[in-house]
Amino acid sequence: MHFTGTIWRPPYESESLLLEATAGCTHHRCKFCTLYDDLPFRFHMSPLEDIEADLQEAQLYQTGPLERLGLRMQGLGEPQGPRRAFLVGANPFVLKPERLERIAELVRAYFPQCETIGCFARITDITLKTGQELARLAQAGYDGITIGVETGDAEPLAFMDKGYTPEDILTQTRRLEEAGIAYHFFYLAGIAGEGKARESAIRSAELFNRTHPRRIGSSMLTVFRESRLYQEIQAGNWREAGEREKLEEVRALVAHLDIPVIFAALGASNAFNLEGRLPEEREALLSALDQILSRYSEAELRRYRENLPHL
């Protein structure tokens with residue numbers, strides 16, 4: 001398979017067929033981000049020949065006689081192949097509609113049972129496409145794209161150089177909804193800085209309550225020395241929130257979200273994993289957060305953050 005550098009995918013895409021459509025990020029300016037610093041380029045578009053070769057290789061998975069025998073012995077029958085593909089790379093949705101449609105055609109040619117295709121996307125990727133183009137992508141199977149909005153609060157969005165505003169989030173997600181493309185949000189607790197976490201979470205919830213994501217996945221900010229944000233801290237321009245404040249932020253977000261949505265805090269950046277459906281499981285999520293806050297000190301939580309080698 002043609003994979004470049006470390007491969008990132010959301011936790012809920014664990015069963016999806018992973019294909020590299022792009023590598024790197026077209027924006028590559030977020031102050032906190034070091035995810036693609038190990039690449040020798042800023043952004044790279046995978047040749048269609050490589051994508052097709054990967055699809056051919058993926059077809060061979062579990063097709064050998066021993067693999068088939070093992071599946072039958074487990075009562076699983078013949079391999080059915082993936083029902084979903086996920087295009088890896090920071091923001092494959094930036095690709096022109098014609099190329100995304102061609103990738104979808106290739107996926108279906110090799111895996112006819114594949115029903116949907118997901119990928120990471122930036123809000124700015126959506127602005128590049130007309131309503132008709134988005135509708136065509138929905139027809140091609142693109143659905144459940146993951147958008148790293150990080151926050152719905154204007155001040156940290158601007159400071160972190162995300163390249164869009166809260167109003168852009170609202171406008172572009174509505175365009176996805178009109179086209180029939182579902183979406184998920186990634187939220188980054190701690191992005192507002194020390195003393196601002198709870199208020200930022202409430203502002204984010206107020207914005208998110210005007211949208212309709214299927215999921216909101218919450219991660220926790222980890223500041224690495226290689227980041228521009230670390231330089232801002234050293235210059236005295238920004239102060240990092242404590243670990244307990246970040247947890248209080250997640251709690252405030254859960255408490256103020258009024259939309260029906262799956263909320264999850266999964267992945268390495270979270271010292272504790274949580275998942276539940278809002279509003280039905282709100283009290284259970286809040287109780288779990290309260291238990292963590294009552295049991296663990298700032299020093300204990302900080303130790304986890306400092307020993308995290310990478311996300």
# chains A, B, ... in the order shown; residues from 1 in each chain; ligands from 1
call {"tool": "select_by_dssp", "arguments": {"residues": "region 187-265 of chain A", "states": "strand (DSSP E)", "output": "list in words"}}
result
Tyr187, Leu188, Ala189, Arg215, Ile216, Gly217, Ser218, Ser219, Met220, Val261, Ile262, Phe263, Ala264 and Ala265 of chain A
call {"tool": "write_last_selection", "arguments": {"atoms": "C-alpha atoms", "output": "CSV table (one decimal), in the first residue's frame"}}
result
chain,number,residue,atom,x,y,z
A,187,TYR,CA,-13.2,19.6,18.9
A,188,LEU,CA,-9.9,20.5,20.6
A,189,ALA,CA,-10.1,21.2,24.3
A,215,ARG,CA,-20.5,13.0,16.0
A,216,ILE,CA,-18.4,15.4,17.9
A,217,GLY,CA,-15.1,14.0,18.8
A,218,SER,CA,-13.1,15.8,21.5
A,219,SER,CA,-9.4,15.7,21.7
A,220,MET,CA,-7.1,17.6,24.2
A,261,VAL,CA,-25.3,13.9,18.6
A,262,ILE,CA,-22.8,11.2,19.5
A,263,PHE,CA,-20.1,12.8,21.8
A,264,ALA,CA,-16.8,11.0,22.2
A,265,ALA,CA,-13.4,11.7,23.7
call {"tool": "closest_residue", "arguments": {"among": "A:Thr173, A:Gln80, A:Gln234, A:Ser294", "to": "Pro213 (chain A)", "atoms": "only C-alpha atoms"}}
result
A:Thr173
call {"tool": "residues_around", "arguments": {"residues": "region 97-101 of chain A", "least_positions_apart": "4", "cutoff": "9 Å", "atoms": "only C-alpha atoms", "output": "count of residues only"}}
result
14
call {"tool": "closest_atom_pairs", "arguments": {"of": "region 195-234 of chain A", "to": "region 25-31 of chain A", "cutoff": "10 Å", "atoms": "only C-alpha atoms", "output": "CSV"}}
result
residue,atom,partner,partner_atom,distance
A:Val223,CA,A:Lys31,CA,9.5
A:Glu226,CA,A:Lys31,CA,9.9
A:Ser227,CA,A:Lys31,CA,6.2
A:Arg228,CA,A:Lys31,CA,4.7
A:Leu229,CA,A:Lys31,CA,4.8
A:Tyr230,CA,A:Lys31,CA,8.3
A:Gln231,CA,A:Lys31,CA,9.1
A:Glu232,CA,A:Lys31,CA,8.7
call {"tool": "atom_distance", "arguments": {"atom1": "CA of Asp258 (chain A)", "atom2": "CA of Leu157 (chain A)"}}
result
22.4 Å
call {"tool": "residues_around", "arguments": {"residues": "Thr222 (chain A)", "least_positions_apart": "5", "cutoff": "9 Å", "atoms": "only C-alpha atoms", "output": "list in words"}}
result
Phe32, Gly190, Ser269, Arg305, Glu306, Leu308, His310 and Leu311 of chain A
call {"tool": "residues_around", "arguments": {"residues": "His2 (chain A)", "least_positions_apart": "3", "cutoff": "7 Å", "atoms": "only C-alpha atoms", "output": "number ranges by chain"}}
result
A: 20, 50, 54
call {"tool": "write_last_selection", "arguments": {"atoms": "N, CA and C atoms", "output": "compact mmCIF listing (two decimals), in the first residue's frame"}}
result
# COMPACT_ATOMS: atom_id res chain seq x y z
N GLU A 20 -4.73 6.18 0.60
CA GLU A 20 -4.06 7.48 0.60
C GLU A 20 -4.41 8.22 -0.69
N ASP A 50 -1.46 4.95 -8.28
CA ASP A 50 -1.14 4.41 -6.96
C ASP A 50 -2.39 3.99 -6.22
N ASP A 54 -3.32 0.23 -4.94
CA ASP A 54 -3.68 -0.08 -3.55
C ASP A 54 -5.01 -0.82 -3.49
call {"tool": "atom_distance", "arguments": {"atom1": "CA of Leu87 (chain A)", "atom2": "CA of Thr22 (chain A)"}}
result
7.9 Å
call {"tool": "closest_residue", "arguments": {"among": "A:Tyr12, A:Cys119, A:Ala109, A:Gly152", "to": "Glu275 (chain A)", "atoms": "only C-alpha atoms"}}
result
A:Tyr12
call {"tool": "select_by_dssp", "arguments": {"residues": "region 79-227 of chain A", "states": "helix (DSSP H, G or I)", "output": "ChimeraX atom specification"}}
result
/A:92-94,97-110,123-127,131-140,154-159,166-179,197-208
call {"tool": "closest_residue", "arguments": {"among": "A:Ala235, A:Thr146, A:Val250, A:Ile202", "to": "Pro11 (chain A)", "atoms": "only C-alpha atoms"}}
result
A:Thr146
call {"tool": "residues_around", "arguments": {"residues": "Glu115 (chain A)", "least_positions_apart": "5", "cutoff": "12 Å", "atoms": "only C-alpha atoms", "output": "list of chain:residue names"}}
result
A:Ser16, A:Leu17, A:Gly81, A:Pro82, A:Arg83, A:Arg84, A:Ala85, A:Phe86, A:Ala104, A:Glu105, A:Val107, A:Arg108, A:Ala138, A:Gln139, A:Ala140, A:Gly141, A:Tyr142, A:Asp143, A:Gly144
call {"tool": "write_last_selection", "arguments": {"atoms": "all heavy atoms", "output": "compact mmCIF listing (two decimals), in the first residue's frame"}}
result
# COMPACT_ATOMS: atom_id res chain seq x y z
N SER A 16 -12.91 0.83 8.26
CA SER A 16 -12.94 1.32 6.88
C SER A 16 -11.68 0.91 6.12
O SER A 16 -10.60 0.74 6.71
CB SER A 16 -13.07 2.84 6.86
OG SER A 16 -14.23 3.27 7.52
N LEU A 17 -11.81 0.79 4.82
CA LEU A 17 -10.66 0.60 3.94
C LEU A 17 -9.92 1.94 3.84
O LEU A 17 -10.50 2.94 3.43
CB LEU A 17 -11.12 0.15 2.55
CG LEU A 17 -10.05 0.16 1.45
CD1 LEU A 17 -8.94 -0.84 1.76
CD2 LEU A 17 -10.69 -0.12 0.10
N GLY A 81 -15.60 -7.96 2.22
CA GLY A 81 -15.00 -6.73 1.74
C GLY A 81 -15.57 -5.52 2.47
O GLY A 81 -16.63 -5.59 3.11
N PRO A 82 -14.88 -4.39 2.41
CA PRO A 82 -15.31 -3.21 3.15
C PRO A 82 -16.57 -2.57 2.59
O PRO A 82 -16.77 -2.54 1.38
CB PRO A 82 -14.11 -2.26 3.01
CG PRO A 82 -13.50 -2.65 1.70
CD PRO A 82 -13.67 -4.14 1.60
N ARG A 83 -17.40 -2.07 3.48
CA ARG A 83 -18.58 -1.31 3.06
C ARG A 83 -18.35 0.19 3.12
O ARG A 83 -19.23 0.97 2.77
CB ARG A 83 -19.78 -1.69 3.93
CG ARG A 83 -20.20 -3.15 3.75
CD ARG A 83 -21.56 -3.43 4.33
NE ARG A 83 -21.97 -4.80 4.05
CZ ARG A 83 -22.55 -5.18 2.91
NH1 ARG A 83 -22.78 -4.29 1.96
NH2 ARG A 83 -22.91 -6.44 2.73
N ARG A 84 -17.15 0.57 3.56
CA ARG A 84 -16.81 1.99 3.63
C ARG A 84 -15.32 2.16 3.38
O ARG A 84 -14.50 1.34 3.82
CB ARG A 84 -17.19 2.57 4.99
CG ARG A 84 -16.86 4.07 5.14
CD ARG A 84 -17.52 4.62 6.40
NE ARG A 84 -17.07 5.98 6.71
CZ ARG A 84 -17.54 7.09 6.15
NH1 ARG A 84 -18.47 7.00 5.21
NH2 ARG A 84 -17.09 8.28 6.50
N ALA A 85 -14.98 3.23 2.67
CA ALA A 85 -13.58 3.59 2.46
C ALA A 85 -13.33 4.95 3.11
O ALA A 85 -14.23 5.79 3.19
CB ALA A 85 -13.26 3.65 0.98
N PHE A 86 -12.11 5.14 3.59
CA PHE A 86 -11.73 6.43 4.17
C PHE A 86 -10.44 6.87 3.52
O PHE A 86 -9.43 6.16 3.55
CB PHE A 86 -11.54 6.30 5.68
CG PHE A 86 -11.26 7.63 6.36
CD1 PHE A 86 -12.32 8.48 6.68
CD2 PHE A 86 -9.97 8.01 6.67
CE1 PHE A 86 -12.07 9.70 7.29
CE2 PHE A 86 -9.72 9.22 7.28
CZ PHE A 86 -10.76 10.07 7.59
N ALA A 104 -13.89 7.65 -6.40
CA ALA A 104 -15.08 6.87 -6.02
C ALA A 104 -15.38 5.79 -7.06
O ALA A 104 -15.75 4.66 -6.71
CB ALA A 104 -16.28 7.80 -5.87
N GLU A 105 -15.20 6.11 -8.33
CA GLU A 105 -15.41 5.12 -9.39
C GLU A 105 -14.44 3.95 -9.25
O GLU A 105 -14.82 2.78 -9.42
CB GLU A 105 -15.25 5.78 -10.76
CG GLU A 105 -16.36 6.75 -11.13
CD GLU A 105 -16.05 7.52 -12.41
OE1 GLU A 105 -14.96 7.29 -12.99
OE2 GLU A 105 -16.89 8.34 -12.82
N VAL A 107 -12.95 2.95 -6.46
CA VAL A 107 -13.32 2.19 -5.26
C VAL A 107 -14.45 1.22 -5.60
O VAL A 107 -14.40 0.03 -5.25
CB VAL A 107 -13.74 3.13 -4.11
CG1 VAL A 107 -14.37 2.34 -2.97
CG2 VAL A 107 -12.54 3.94 -3.61
N ARG A 108 -15.47 1.69 -6.31
CA ARG A 108 -16.61 0.84 -6.63
C ARG A 108 -16.25 -0.24 -7.65
O ARG A 108 -16.83 -1.32 -7.64
CB ARG A 108 -17.75 1.72 -7.19
CG ARG A 108 -18.30 2.69 -6.17
CD ARG A 108 -19.38 2.04 -5.28
NE ARG A 108 -19.60 2.81 -4.07
CZ ARG A 108 -19.97 4.07 -4.03
NH1 ARG A 108 -20.14 4.77 -5.13
NH2 ARG A 108 -20.17 4.66 -2.86
N ALA A 138 -22.10 13.77 -3.15
CA ALA A 138 -23.01 12.96 -2.33
C ALA A 138 -23.51 11.75 -3.12
O ALA A 138 -23.56 10.63 -2.60
CB ALA A 138 -24.17 13.82 -1.86
N GLN A 139 -23.85 11.96 -4.37
CA GLN A 139 -24.31 10.86 -5.22
C GLN A 139 -23.20 9.85 -5.46
O GLN A 139 -23.46 8.64 -5.62
CB GLN A 139 -24.82 11.41 -6.55
CG GLN A 139 -26.09 12.23 -6.43
CD GLN A 139 -26.53 12.84 -7.75
OE1 GLN A 139 -25.79 12.80 -8.74
NE2 GLN A 139 -27.71 13.44 -7.77
N ALA A 140 -21.95 10.32 -5.47
CA ALA A 140 -20.81 9.43 -5.68
C ALA A 140 -20.50 8.61 -4.43
O ALA A 140 -19.67 7.69 -4.48
CB ALA A 140 -19.58 10.24 -6.09
N GLY A 141 -21.14 8.95 -3.29
CA GLY A 141 -20.96 8.17 -2.08
C GLY A 141 -20.23 8.87 -0.96
O GLY A 141 -20.03 8.28 0.11
N TYR A 142 -19.82 10.10 -1.16
CA TYR A 142 -19.12 10.81 -0.08
C TYR A 142 -20.11 11.18 1.01
O TYR A 142 -21.13 11.82 0.77
CB TYR A 142 -18.40 12.04 -0.63
CG TYR A 142 -17.18 11.66 -1.42
CD1 TYR A 142 -17.26 11.43 -2.80
CD2 TYR A 142 -15.95 11.49 -0.80
CE1 TYR A 142 -16.15 11.03 -3.53
CE2 TYR A 142 -14.83 11.09 -1.53
CZ TYR A 142 -14.94 10.87 -2.89
OH TYR A 142 -13.84 10.47 -3.61
N ASP A 143 -19.79 10.75 2.23
CA ASP A 143 -20.71 10.93 3.34
C ASP A 143 -19.94 10.74 4.65
O ASP A 143 -18.99 9.97 4.70
CB ASP A 143 -21.84 9.89 3.25
CG ASP A 143 -22.97 10.20 4.22
OD1 ASP A 143 -23.51 11.32 4.18
OD2 ASP A 143 -23.32 9.32 5.01
N GLY A 144 -20.36 11.44 5.68
CA GLY A 144 -19.69 11.30 6.96
C GLY A 144 -18.26 11.81 6.93
O GLY A 144 -17.35 11.15 7.43
call {"tool": "atom_distance", "arguments": {"atom1": "CA of Ser297 (chain A)", "atom2": "CA of Ala241 (chain A)"}}
result
14.4 Å
call {"tool": "decode", "arguments": {"residues": "region 18-37 of chain A", "atoms": "N, CA, C and O atoms", "output": "PDB file, in the first residue's frame"}}
result
ATOM      1  N   LEU A  18      -8.656   1.965   4.245  1.00  0.00           N
ATOM      2  CA  LEU A  18      -7.873   3.201   4.224  1.00  0.00           C
ATOM      3  C   LEU A  18      -7.114   3.303   2.913  1.00  0.00           C
ATOM      4  O   LEU A  18      -6.370   2.395   2.528  1.00  0.00           O
ATOM      5  N   LEU A  19      -7.298   4.442   2.239  1.00  0.00           N
ATOM      6  CA  LEU A  19      -6.615   4.710   0.980  1.00  0.00           C
ATOM      7  C   LEU A  19      -5.963   6.083   1.052  1.00  0.00           C
ATOM      8  O   LEU A  19      -6.594   7.042   1.494  1.00  0.00           O
ATOM      9  N   GLU A  20      -4.728   6.179   0.600  1.00  0.00           N
ATOM     10  CA  GLU A  20      -4.063   7.479   0.597  1.00  0.00           C
ATOM     11  C   GLU A  20      -4.414   8.221  -0.689  1.00  0.00           C
ATOM     12  O   GLU A  20      -3.991   7.842  -1.776  1.00  0.00           O
ATOM     13  N   ALA A  21      -5.204   9.293  -0.547  1.00  0.00           N
ATOM     14  CA  ALA A  21      -5.560  10.133  -1.686  1.00  0.00           C
ATOM     15  C   ALA A  21      -4.690  11.372  -1.729  1.00  0.00           C
ATOM     16  O   ALA A  21      -4.424  11.924  -2.804  1.00  0.00           O
ATOM     17  N   THR A  22      -4.267  11.845  -0.540  1.00  0.00           N
ATOM     18  CA  THR A  22      -3.354  12.984  -0.431  1.00  0.00           C
ATOM     19  C   THR A  22      -2.423  12.715   0.753  1.00  0.00           C
ATOM     20  O   THR A  22      -2.686  11.844   1.575  1.00  0.00           O
ATOM     21  N   ALA A  23      -1.378  13.487   0.838  1.00  0.00           N
ATOM     22  CA  ALA A  23      -0.495  13.462   2.005  1.00  0.00           C
ATOM     23  C   ALA A  23      -0.155  14.904   2.347  1.00  0.00           C
ATOM     24  O   ALA A  23       0.028  15.736   1.459  1.00  0.00           O
ATOM     25  N   GLY A  24      -0.084  15.194   3.638  1.00  0.00           N
ATOM     26  CA  GLY A  24       0.166  16.567   4.049  1.00  0.00           C
ATOM     27  C   GLY A  24      -1.106  17.383   4.072  1.00  0.00           C
ATOM     28  O   GLY A  24      -2.212  16.863   3.882  1.00  0.00           O
ATOM     29  N   CYS A  25      -0.947  18.692   4.301  1.00  0.00           N
ATOM     30  CA  CYS A  25      -2.082  19.594   4.483  1.00  0.00           C
ATOM     31  C   CYS A  25      -1.917  20.830   3.616  1.00  0.00           C
ATOM     32  O   CYS A  25      -0.833  21.425   3.560  1.00  0.00           O
ATOM     33  N   THR A  26      -2.971  21.229   2.936  1.00  0.00           N
ATOM     34  CA  THR A  26      -2.896  22.424   2.092  1.00  0.00           C
ATOM     35  C   THR A  26      -2.767  23.704   2.914  1.00  0.00           C
ATOM     36  O   THR A  26      -2.219  24.689   2.441  1.00  0.00           O
ATOM     37  N   HIS A  27      -3.269  23.690   4.141  1.00  0.00           N
ATOM     38  CA  HIS A  27      -3.211  24.881   5.003  1.00  0.00           C
ATOM     39  C   HIS A  27      -1.873  24.944   5.737  1.00  0.00           C
ATOM     40  O   HIS A  27      -1.124  25.910   5.577  1.00  0.00           O
ATOM     41  N   HIS A  28      -1.602  23.952   6.543  1.00  0.00           N
ATOM     42  CA  HIS A  28      -0.311  23.775   7.214  1.00  0.00           C
ATOM     43  C   HIS A  28       0.138  25.025   7.973  1.00  0.00           C
ATOM     44  O   HIS A  28       1.315  25.392   7.959  1.00  0.00           O
ATOM     45  N   ARG A  29      -0.821  25.717   8.616  1.00  0.00           N
ATOM     46  CA  ARG A  29      -0.457  26.924   9.355  1.00  0.00           C
ATOM     47  C   ARG A  29      -1.025  26.930  10.782  1.00  0.00           C
ATOM     48  O   ARG A  29      -0.767  27.889  11.512  1.00  0.00           O
ATOM     49  N   CYS A  30      -1.795  25.944  11.162  1.00  0.00           N
ATOM     50  CA  CYS A  30      -2.361  25.930  12.507  1.00  0.00           C
ATOM     51  C   CYS A  30      -1.225  25.890  13.532  1.00  0.00           C
ATOM     52  O   CYS A  30      -0.356  25.022  13.461  1.00  0.00           O
ATOM     53  N   LYS A  31      -1.241  26.796  14.471  1.00  0.00           N
ATOM     54  CA  LYS A  31      -0.103  26.970  15.370  1.00  0.00           C
ATOM     55  C   LYS A  31       0.176  25.773  16.265  1.00  0.00           C
ATOM     56  O   LYS A  31       1.304  25.557  16.690  1.00  0.00           O
ATOM     57  N   PHE A  32      -0.855  25.002  16.561  1.00  0.00           N
ATOM     58  CA  PHE A  32      -0.692  23.872  17.479  1.00  0.00           C
ATOM     59  C   PHE A  32      -0.300  22.586  16.776  1.00  0.00           C
ATOM     60  O   PHE A  32       0.083  21.611  17.423  1.00  0.00           O
ATOM     61  N   CYS A  33      -0.399  22.531  15.456  1.00  0.00           N
ATOM     62  CA  CYS A  33      -0.318  21.270  14.714  1.00  0.00           C
ATOM     63  C   CYS A  33       1.116  20.921  14.326  1.00  0.00           C
ATOM     64  O   CYS A  33       1.835  21.739  13.742  1.00  0.00           O
ATOM     65  N   THR A  34       1.510  19.673  14.618  1.00  0.00           N
ATOM     66  CA  THR A  34       2.795  19.126  14.172  1.00  0.00           C
ATOM     67  C   THR A  34       2.598  17.782  13.462  1.00  0.00           C
ATOM     68  O   THR A  34       3.561  17.061  13.230  1.00  0.00           O
ATOM     69  N   LEU A  35       1.361  17.464  13.106  1.00  0.00           N
ATOM     70  CA  LEU A  35       1.044  16.126  12.606  1.00  0.00           C
ATOM     71  C   LEU A  35       1.780  15.785  11.315  1.00  0.00           C
ATOM     72  O   LEU A  35       2.070  14.612  11.056  1.00  0.00           O
ATOM     73  N   TYR A  36       2.068  16.777  10.488  1.00  0.00           N
ATOM     74  CA  TYR A  36       2.643  16.486   9.178  1.00  0.00           C
ATOM     75  C   TYR A  36       4.041  17.083   9.008  1.00  0.00           C
ATOM     76  O   TYR A  36       4.530  17.200   7.888  1.00  0.00           O
ATOM     77  N   ASP A  37       4.679  17.412  10.125  1.00  0.00           N
ATOM     78  CA  ASP A  37       6.009  18.004  10.060  1.00  0.00           C
ATOM     79  C   ASP A  37       7.069  17.030   9.578  1.00  0.00           C
ATOM     80  O   ASP A  37       8.158  17.447   9.162  1.00  0.00           O
TER      81      ASP A  37
END
